[in-house]
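*Asks:* Pasting query-v8.cif here (mmCIF, N, CA and C atoms and all ligand atoms):
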data_target
#
loop_
_atom_site.label_atom_id
_atom_site.label_comp_id
_atom_site.auth_asym_id
_atom_site.auth_seq_id
_atom_site.Cartn_x
_atom_site.Cartn_y
_atom_site.Cartn_z
N MET S 1 92.05 62.99 72.97
CA MET S 1 92.42 61.93 72.04
C MET S 1 93.72 62.29 71.33
N ALA S 2 93.79 63.54 70.80
CA ALA S 2 95.00 63.95 70.07
C ALA S 2 96.23 63.85 70.95
N ASP S 3 96.08 64.25 72.24
CA ASP S 3 97.23 64.20 73.13
C ASP S 3 97.72 62.78 73.35
N SER S 4 96.77 61.87 73.59
CA SER S 4 97.20 60.49 73.83
C SER S 4 97.76 59.89 72.54
N ASP S 5 97.22 60.28 71.39
CA ASP S 5 97.79 59.82 70.12
C ASP S 5 99.24 60.28 70.01
N ASP S 6 99.48 61.54 70.36
CA ASP S 6 100.84 62.09 70.25
C ASP S 6 101.81 61.33 71.16
N ILE S 7 101.36 61.02 72.35
CA ILE S 7 102.23 60.31 73.30
C ILE S 7 102.62 58.94 72.72
N ILE S 8 101.64 58.23 72.21
CA ILE S 8 101.91 56.89 71.65
C ILE S 8 102.76 57.00 70.38
N ARG S 9 102.43 57.99 69.54
CA ARG S 9 103.21 58.17 68.30
C ARG S 9 104.67 58.47 68.62
N ASN S 10 104.88 59.35 69.60
CA ASN S 10 106.26 59.68 69.99
C ASN S 10 106.98 58.48 70.57
N GLU S 11 106.25 57.69 71.35
CA GLU S 11 106.86 56.50 71.95
C GLU S 11 107.27 55.51 70.86
N ALA S 12 106.39 55.33 69.88
CA ALA S 12 106.69 54.42 68.76
C ALA S 12 107.92 54.93 68.00
N GLU S 13 107.95 56.22 67.75
CA GLU S 13 109.07 56.79 67.02
C GLU S 13 110.38 56.58 67.77
N SER S 14 110.36 56.80 69.07
CA SER S 14 111.62 56.65 69.80
C SER S 14 112.05 55.19 69.89
N LEU S 15 111.10 54.26 69.95
CA LEU S 15 111.47 52.83 69.92
C LEU S 15 112.14 52.49 68.58
N LEU S 16 111.55 53.00 67.50
CA LEU S 16 112.10 52.69 66.17
C LEU S 16 113.44 53.39 65.95
N LYS S 17 113.54 54.63 66.39
CA LYS S 17 114.82 55.33 66.28
C LYS S 17 115.88 54.68 67.16
N GLY S 18 115.45 54.06 68.23
CA GLY S 18 116.38 53.41 69.14
C GLY S 18 116.88 52.07 68.62
N GLY S 19 116.40 51.67 67.45
CA GLY S 19 116.93 50.47 66.82
C GLY S 19 116.10 49.22 67.04
N LEU S 20 114.86 49.38 67.44
CA LEU S 20 113.99 48.20 67.59
C LEU S 20 113.97 47.42 66.28
N LYS S 21 114.26 46.13 66.35
CA LYS S 21 114.29 45.30 65.14
C LYS S 21 112.87 44.82 64.84
N THR S 22 112.37 45.19 63.67
CA THR S 22 111.01 44.81 63.31
C THR S 22 111.00 43.91 62.08
N ALA S 23 109.90 43.18 61.91
CA ALA S 23 109.80 42.20 60.81
C ALA S 23 109.37 42.90 59.52
N VAL S 24 110.29 43.66 58.94
CA VAL S 24 109.97 44.42 57.72
C VAL S 24 109.56 43.48 56.58
N TYR S 25 110.21 42.33 56.51
CA TYR S 25 109.89 41.29 55.52
C TYR S 25 109.61 39.99 56.25
N PRO S 26 108.75 39.14 55.69
CA PRO S 26 108.05 39.31 54.41
C PRO S 26 106.91 40.32 54.52
N ARG S 27 106.56 40.92 53.39
CA ARG S 27 105.40 41.80 53.31
C ARG S 27 104.14 40.93 53.15
N ALA S 28 103.04 41.45 53.60
CA ALA S 28 101.78 40.70 53.50
C ALA S 28 101.20 40.92 52.11
N ASP S 29 101.80 40.25 51.12
CA ASP S 29 101.34 40.49 49.75
C ASP S 29 100.37 39.43 49.26
N ASP S 30 99.97 38.52 50.10
CA ASP S 30 98.85 37.64 49.75
C ASP S 30 98.04 37.36 51.02
N GLN S 31 96.88 36.77 50.81
CA GLN S 31 95.94 36.60 51.93
C GLN S 31 96.51 35.71 53.04
N ASN S 32 97.31 34.70 52.67
CA ASN S 32 97.90 33.83 53.69
C ASN S 32 98.83 34.59 54.62
N MET S 33 99.64 35.50 54.02
CA MET S 33 100.56 36.29 54.86
C MET S 33 99.78 37.27 55.73
N VAL S 34 98.70 37.84 55.17
CA VAL S 34 97.88 38.76 55.97
C VAL S 34 97.36 38.02 57.20
N ILE S 35 96.84 36.81 56.97
CA ILE S 35 96.27 36.03 58.08
C ILE S 35 97.37 35.66 59.08
N LYS S 36 98.52 35.26 58.57
CA LYS S 36 99.62 34.86 59.44
C LYS S 36 100.04 36.03 60.36
N ILE S 37 100.18 37.21 59.76
CA ILE S 37 100.64 38.36 60.55
C ILE S 37 99.55 38.85 61.50
N THR S 38 98.32 38.92 61.01
CA THR S 38 97.25 39.40 61.91
C THR S 38 97.01 38.38 63.04
N ASP S 39 97.16 37.10 62.74
CA ASP S 39 97.04 36.09 63.81
C ASP S 39 98.15 36.28 64.85
N ALA S 40 99.36 36.56 64.38
CA ALA S 40 100.48 36.78 65.32
C ALA S 40 100.22 38.02 66.16
N LEU S 41 99.64 39.05 65.57
CA LEU S 41 99.32 40.25 66.34
C LEU S 41 98.26 39.94 67.40
N LYS S 42 97.25 39.17 67.00
CA LYS S 42 96.18 38.82 67.96
C LYS S 42 96.72 37.96 69.10
N ALA S 43 97.69 37.12 68.79
CA ALA S 43 98.24 36.22 69.81
C ALA S 43 99.28 36.91 70.69
N SER S 44 99.69 38.11 70.31
CA SER S 44 100.73 38.81 71.08
C SER S 44 100.11 39.47 72.31
N ASP S 45 100.97 40.09 73.11
CA ASP S 45 100.44 40.76 74.31
C ASP S 45 99.82 42.12 73.97
N GLY S 46 99.85 42.48 72.70
CA GLY S 46 99.19 43.72 72.27
C GLY S 46 99.95 44.99 72.66
N SER S 47 101.14 44.83 73.20
CA SER S 47 101.92 46.01 73.59
C SER S 47 102.35 46.78 72.34
N LEU S 48 102.67 48.04 72.54
CA LEU S 48 103.14 48.86 71.44
C LEU S 48 104.35 48.21 70.77
N GLU S 49 105.28 47.76 71.58
CA GLU S 49 106.50 47.16 71.06
C GLU S 49 106.19 45.94 70.18
N GLN S 50 105.32 45.08 70.64
CA GLN S 50 104.99 43.88 69.86
C GLN S 50 104.27 44.24 68.57
N ARG S 51 103.40 45.25 68.61
CA ARG S 51 102.71 45.66 67.38
C ARG S 51 103.72 46.20 66.37
N LEU S 52 104.70 46.95 66.85
CA LEU S 52 105.72 47.49 65.95
C LEU S 52 106.59 46.38 65.36
N ILE S 53 106.98 45.43 66.20
CA ILE S 53 107.85 44.34 65.75
C ILE S 53 107.13 43.45 64.74
N ILE S 54 105.98 42.94 65.14
CA ILE S 54 105.26 41.99 64.28
C ILE S 54 104.79 42.70 63.00
N GLY S 55 104.38 43.97 63.13
CA GLY S 55 103.93 44.73 61.97
C GLY S 55 105.06 45.19 61.07
N GLY S 56 106.29 44.98 61.49
CA GLY S 56 107.42 45.35 60.63
C GLY S 56 107.52 46.84 60.35
N PHE S 57 107.30 47.64 61.38
CA PHE S 57 107.27 49.09 61.18
C PHE S 57 108.63 49.67 60.81
N THR S 58 108.56 50.69 59.94
CA THR S 58 109.73 51.50 59.61
C THR S 58 109.31 52.97 59.65
N LEU S 59 110.29 53.83 59.81
CA LEU S 59 110.02 55.28 59.85
C LEU S 59 110.00 55.90 58.46
N GLU S 60 110.34 55.08 57.45
CA GLU S 60 110.32 55.56 56.07
C GLU S 60 109.50 54.58 55.23
N PRO S 61 109.05 55.04 54.06
CA PRO S 61 108.35 54.13 53.16
C PRO S 61 109.26 52.97 52.77
N VAL S 62 108.65 51.83 52.47
CA VAL S 62 109.41 50.66 52.00
C VAL S 62 109.08 50.44 50.53
N GLU S 63 110.12 50.36 49.73
CA GLU S 63 109.92 50.09 48.30
C GLU S 63 109.80 48.58 48.14
N TYR S 64 108.67 48.14 47.60
CA TYR S 64 108.44 46.71 47.44
C TYR S 64 107.73 46.47 46.12
N GLU S 65 108.33 45.63 45.29
CA GLU S 65 107.78 45.34 43.97
C GLU S 65 107.40 46.63 43.23
N GLU S 66 108.37 47.56 43.25
CA GLU S 66 108.26 48.83 42.52
C GLU S 66 107.15 49.74 43.04
N ILE S 67 106.66 49.46 44.21
CA ILE S 67 105.65 50.35 44.81
C ILE S 67 106.24 50.89 46.11
N GLU S 68 106.07 52.18 46.31
CA GLU S 68 106.52 52.77 47.57
C GLU S 68 105.39 52.63 48.58
N GLN S 69 105.62 51.79 49.57
CA GLN S 69 104.58 51.52 50.56
C GLN S 69 104.75 52.44 51.77
N ALA S 70 103.78 53.32 51.95
CA ALA S 70 103.80 54.24 53.09
C ALA S 70 102.37 54.34 53.65
N CYS S 71 102.27 54.68 54.90
CA CYS S 71 100.94 54.79 55.52
C CYS S 71 100.02 55.69 54.71
N GLU S 72 100.56 56.79 54.19
CA GLU S 72 99.69 57.77 53.53
C GLU S 72 98.98 57.22 52.31
N THR S 73 99.50 56.13 51.71
CA THR S 73 98.82 55.55 50.55
C THR S 73 98.12 54.24 50.91
N CYS S 74 98.04 53.93 52.17
CA CYS S 74 97.45 52.67 52.63
C CYS S 74 95.95 52.87 52.93
N MET S 75 95.17 51.85 52.62
CA MET S 75 93.72 51.97 52.82
C MET S 75 93.34 52.09 54.30
N TYR S 76 94.24 51.74 55.18
CA TYR S 76 93.90 51.78 56.62
C TYR S 76 94.28 53.10 57.29
N TYR S 77 94.84 54.02 56.51
CA TYR S 77 95.34 55.28 57.08
C TYR S 77 94.24 56.33 57.16
N LEU S 78 94.05 56.89 58.34
CA LEU S 78 93.11 58.00 58.52
C LEU S 78 93.91 59.30 58.45
N VAL S 79 93.74 60.04 57.38
CA VAL S 79 94.59 61.21 57.11
C VAL S 79 94.53 62.23 58.24
N HIS S 80 93.33 62.62 58.61
CA HIS S 80 93.22 63.74 59.55
C HIS S 80 93.72 63.40 60.95
N ARG S 81 93.56 62.14 61.32
CA ARG S 81 94.03 61.75 62.66
C ARG S 81 95.46 61.21 62.63
N ARG S 82 96.02 60.99 61.44
CA ARG S 82 97.31 60.31 61.27
C ARG S 82 97.29 59.02 62.10
N TYR S 83 96.42 58.12 61.66
CA TYR S 83 96.12 56.94 62.47
C TYR S 83 95.93 55.72 61.58
N CYS S 84 96.39 54.56 62.07
CA CYS S 84 96.17 53.29 61.39
C CYS S 84 94.94 52.63 62.00
N GLU S 85 93.90 52.46 61.20
CA GLU S 85 92.66 51.90 61.74
C GLU S 85 92.54 50.39 61.54
N LEU S 86 93.61 49.75 61.07
CA LEU S 86 93.57 48.29 61.00
C LEU S 86 93.40 47.78 62.44
N PRO S 87 92.34 47.03 62.72
CA PRO S 87 92.04 46.70 64.12
C PRO S 87 93.19 46.05 64.87
N GLU S 88 93.96 45.21 64.18
CA GLU S 88 95.06 44.51 64.87
C GLU S 88 96.22 45.44 65.20
N LEU S 89 96.29 46.61 64.56
CA LEU S 89 97.36 47.58 64.86
C LEU S 89 96.80 48.73 65.70
N ASP S 90 95.76 49.43 65.18
CA ASP S 90 95.04 50.44 65.97
C ASP S 90 96.03 51.40 66.63
N LEU S 91 96.72 52.18 65.79
CA LEU S 91 97.91 52.88 66.25
C LEU S 91 98.07 54.26 65.58
N PRO S 92 98.46 55.29 66.35
CA PRO S 92 98.82 56.56 65.71
C PRO S 92 100.11 56.37 64.94
N VAL S 93 100.15 56.88 63.72
CA VAL S 93 101.34 56.72 62.86
C VAL S 93 101.65 58.06 62.20
N GLU S 94 102.67 58.07 61.35
CA GLU S 94 102.97 59.23 60.51
C GLU S 94 102.79 58.82 59.06
N ALA S 95 102.49 59.80 58.21
CA ALA S 95 102.22 59.53 56.79
C ALA S 95 103.34 58.75 56.11
N GLU S 96 104.59 59.03 56.51
CA GLU S 96 105.72 58.40 55.81
C GLU S 96 106.16 57.07 56.42
N TRP S 97 105.54 56.67 57.51
CA TRP S 97 105.88 55.37 58.09
C TRP S 97 105.34 54.26 57.19
N SER S 98 105.74 53.04 57.51
CA SER S 98 105.27 51.90 56.73
C SER S 98 105.21 50.67 57.63
N CYS S 99 104.41 49.69 57.20
CA CYS S 99 104.41 48.41 57.92
C CYS S 99 104.18 47.30 56.91
N ASN S 100 104.39 46.06 57.36
CA ASN S 100 104.32 44.94 56.41
C ASN S 100 102.89 44.59 55.99
N LEU S 101 101.89 45.23 56.61
CA LEU S 101 100.49 44.97 56.25
C LEU S 101 99.94 46.02 55.30
N TRP S 102 100.84 46.87 54.77
CA TRP S 102 100.40 47.92 53.85
C TRP S 102 99.49 47.34 52.78
N ARG S 103 98.44 48.09 52.49
CA ARG S 103 97.49 47.63 51.48
C ARG S 103 96.86 48.83 50.79
N ILE S 104 96.71 48.74 49.47
CA ILE S 104 96.14 49.87 48.74
C ILE S 104 94.64 49.68 48.60
S1 LIG K 1 98.39 49.00 57.83
FE1 LIG K 1 100.53 49.61 58.06
S2 LIG K 1 101.00 50.87 56.26
FE2 LIG K 1 98.77 50.77 56.53
S3 LIG K 1 98.23 52.59 57.73
FE3 LIG K 1 98.48 50.84 59.09
S4 LIG K 1 100.59 51.01 59.81
FE4 LIG K 1 100.43 52.23 57.94
#
Could you render the structure as structure tokens?

*Replies:*
Amino acid sequence: MADSDDIIRNEAESLLKGGLKTAVYPRADDQNMVIKITDALKASDGSLEQRLIIGGFTLEPVEYEEIEQACETCMYYLVHRRYCELPELDLPVEAEWSCNLWRI
């Protein structure tokens, strides 16, 4: 499991470092936006690239409304596995990454 997580995490990182344009904004700061974004994820082909784009992934925390949004402070982050357990994303991540579905 750890090995396959590493492969996917590295692939995500290289896509983002390569300049993949992701939907950093708007952030899902109300229930309507959460539903809109999760619906778009469900309707997508589920590829890594589409999850990164629709989820608005960044390699650094995003400062939004005076809060630093990073995976490590998100309720969906599994610390020991460095993993996002939000079902629509279901993705190995890094503590300092961020996405538009961040939630405390
Ligand atoms: S929902 Fe986004 S910010 Fe939260 S753990 Fe998952 S990828 Fe990170």

*Asks:* Pull the neighbourhood of (107.0, 45.9, 65.4) for me: all residues within 9 Å in file coordinates, counting only C-alpha atoms, as a VMD selection string.

*Replies:* chain S and resid 16 20 to 24 48 to 58 99

*Asks:* Restricting the calculation to only C-alpha atoms, which member of S:Glu60, S:Glu65, S:Glu13, S:Asp5 is positioned closest to Asp29 (chain S)?

*Replies:*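 Residue with the minimum atom-to-atom distance to Asp29 (chain S): S:Glu65.
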
*Asks:* To check your reading of the model: which residues sit at most 10 Å from ligand LIG 1 (chain K) when counting only C-alpha atoms and all ligand atoms? Write the answer as a ChimeraX atom specification.

*Replies:* /S:28,51-52,55-58,61-62,69-79,82-104

*Asks:* List every residue of chain S that DSSP, applied to the backbone of this structure, assigns to strand (DSSP E), and report them as a list in words.

*Replies:* Val62, Glu63, Tyr64, Ile67, Glu68, Gln69, Tyr77, Leu78, Tyr83, Cys84, Leu91 and Pro92 of chain S

*Asks:* Chain S: which residues are alpha helix (DSSP H) by DSSP, as a CSV table (one decimal) with N, CA and C atoms, keeping the file's coordinate frame?

*Replies:*
chain,number,residue,atom,x,y,z
S,2,ALA,N,93.8,63.5,70.8
S,2,ALA,CA,95.0,64.0,70.1
S,2,ALA,C,96.2,63.8,71.0
S,3,ASP,N,96.1,64.2,72.2
S,3,ASP,CA,97.2,64.2,73.1
S,3,ASP,C,97.7,62.8,73.4
S,4,SER,N,96.8,61.9,73.6
S,4,SER,CA,97.2,60.5,73.8
S,4,SER,C,97.8,59.9,72.5
S,5,ASP,N,97.2,60.3,71.4
S,5,ASP,CA,97.8,59.8,70.1
S,5,ASP,C,99.2,60.3,70.0
S,6,ASP,N,99.5,61.5,70.4
S,6,ASP,CA,100.8,62.1,70.2
S,6,ASP,C,101.8,61.3,71.2
S,7,ILE,N,101.4,61.0,72.4
S,7,ILE,CA,102.2,60.3,73.3
S,7,ILE,C,102.6,58.9,72.7
S,8,ILE,N,101.6,58.2,72.2
S,8,ILE,CA,101.9,56.9,71.6
S,8,ILE,C,102.8,57.0,70.4
S,9,ARG,N,102.4,58.0,69.5
S,9,ARG,CA,103.2,58.2,68.3
S,9,ARG,C,104.7,58.5,68.6
S,10,ASN,N,104.9,59.4,69.6
S,10,ASN,CA,106.3,59.7,70.0
S,10,ASN,C,107.0,58.5,70.6
S,11,GLU,N,106.2,57.7,71.4
S,11,GLU,CA,106.9,56.5,72.0
S,11,GLU,C,107.3,55.5,70.9
S,12,ALA,N,106.4,55.3,69.9
S,12,ALA,CA,106.7,54.4,68.8
S,12,ALA,C,107.9,54.9,68.0
S,13,GLU,N,108.0,56.2,67.8
S,13,GLU,CA,109.1,56.8,67.0
S,13,GLU,C,110.4,56.6,67.8
S,14,SER,N,110.4,56.8,69.1
S,14,SER,CA,111.6,56.6,69.8
S,14,SER,C,112.0,55.2,69.9
S,15,LEU,N,111.1,54.3,70.0
S,15,LEU,CA,111.5,52.8,69.9
S,15,LEU,C,112.1,52.5,68.6
S,16,LEU,N,111.6,53.0,67.5
S,16,LEU,CA,112.1,52.7,66.2
S,16,LEU,C,113.4,53.4,66.0
S,17,LYS,N,113.5,54.6,66.4
S,17,LYS,CA,114.8,55.3,66.3
S,17,LYS,C,115.9,54.7,67.2
S,31,GLN,N,96.9,36.8,50.8
S,31,GLN,CA,95.9,36.6,51.9
S,31,GLN,C,96.5,35.7,53.0
S,32,ASN,N,97.3,34.7,52.7
S,32,ASN,CA,97.9,33.8,53.7
S,32,ASN,C,98.8,34.6,54.6
S,33,MET,N,99.6,35.5,54.0
S,33,MET,CA,100.6,36.3,54.9
S,33,MET,C,99.8,37.3,55.7
S,34,VAL,N,98.7,37.8,55.2
S,34,VAL,CA,97.9,38.8,56.0
S,34,VAL,C,97.4,38.0,57.2
S,35,ILE,N,96.8,36.8,57.0
S,35,ILE,CA,96.3,36.0,58.1
S,35,ILE,C,97.4,35.7,59.1
S,36,LYS,N,98.5,35.3,58.6
S,36,LYS,CA,99.6,34.9,59.4
S,36,LYS,C,100.0,36.0,60.4
S,37,ILE,N,100.2,37.2,59.8
S,37,ILE,CA,100.6,38.4,60.6
S,37,ILE,C,99.6,38.8,61.5
S,38,THR,N,98.3,38.9,61.0
S,38,THR,CA,97.2,39.4,61.9
S,38,THR,C,97.0,38.4,63.0
S,39,ASP,N,97.2,37.1,62.7
S,39,ASP,CA,97.0,36.1,63.8
S,39,ASP,C,98.2,36.3,64.8
S,40,ALA,N,99.4,36.6,64.4
S,40,ALA,CA,100.5,36.8,65.3
S,40,ALA,C,100.2,38.0,66.2
S,41,LEU,N,99.6,39.0,65.6
S,41,LEU,CA,99.3,40.2,66.3
S,41,LEU,C,98.3,39.9,67.4
S,42,LYS,N,97.2,39.2,67.0
S,42,LYS,CA,96.2,38.8,68.0
S,42,LYS,C,96.7,38.0,69.1
S,43,ALA,N,97.7,37.1,68.8
S,43,ALA,CA,98.2,36.2,69.8
S,43,ALA,C,99.3,36.9,70.7
S,48,LEU,N,102.7,48.0,72.5
S,48,LEU,CA,103.1,48.9,71.4
S,48,LEU,C,104.4,48.2,70.8
S,49,GLU,N,105.3,47.8,71.6
S,49,GLU,CA,106.5,47.2,71.1
S,49,GLU,C,106.2,45.9,70.2
S,50,GLN,N,105.3,45.1,70.6
S,50,GLN,CA,105.0,43.9,69.9
S,50,GLN,C,104.3,44.2,68.6
S,51,ARG,N,103.4,45.2,68.6
S,51,ARG,CA,102.7,45.7,67.4
S,51,ARG,C,103.7,46.2,66.4
S,52,LEU,N,104.7,47.0,66.8
S,52,LEU,CA,105.7,47.5,66.0
S,52,LEU,C,106.6,46.4,65.4
S,53,ILE,N,107.0,45.4,66.2
S,53,ILE,CA,107.8,44.3,65.8
S,53,ILE,C,107.1,43.4,64.7
S,54,ILE,N,106.0,42.9,65.1
S,54,ILE,CA,105.3,42.0,64.3
S,54,ILE,C,104.8,42.7,63.0

*Asks:* When you draw a straight line from atom N of Leu41 (chain S) to CA of Leu59 (chain S), how long is it in Å?

*Replies:*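 Computing the Euclidean distance for atom N of Leu41 (chain S) and CA of Leu59 (chain S) yields 20.1 Å.
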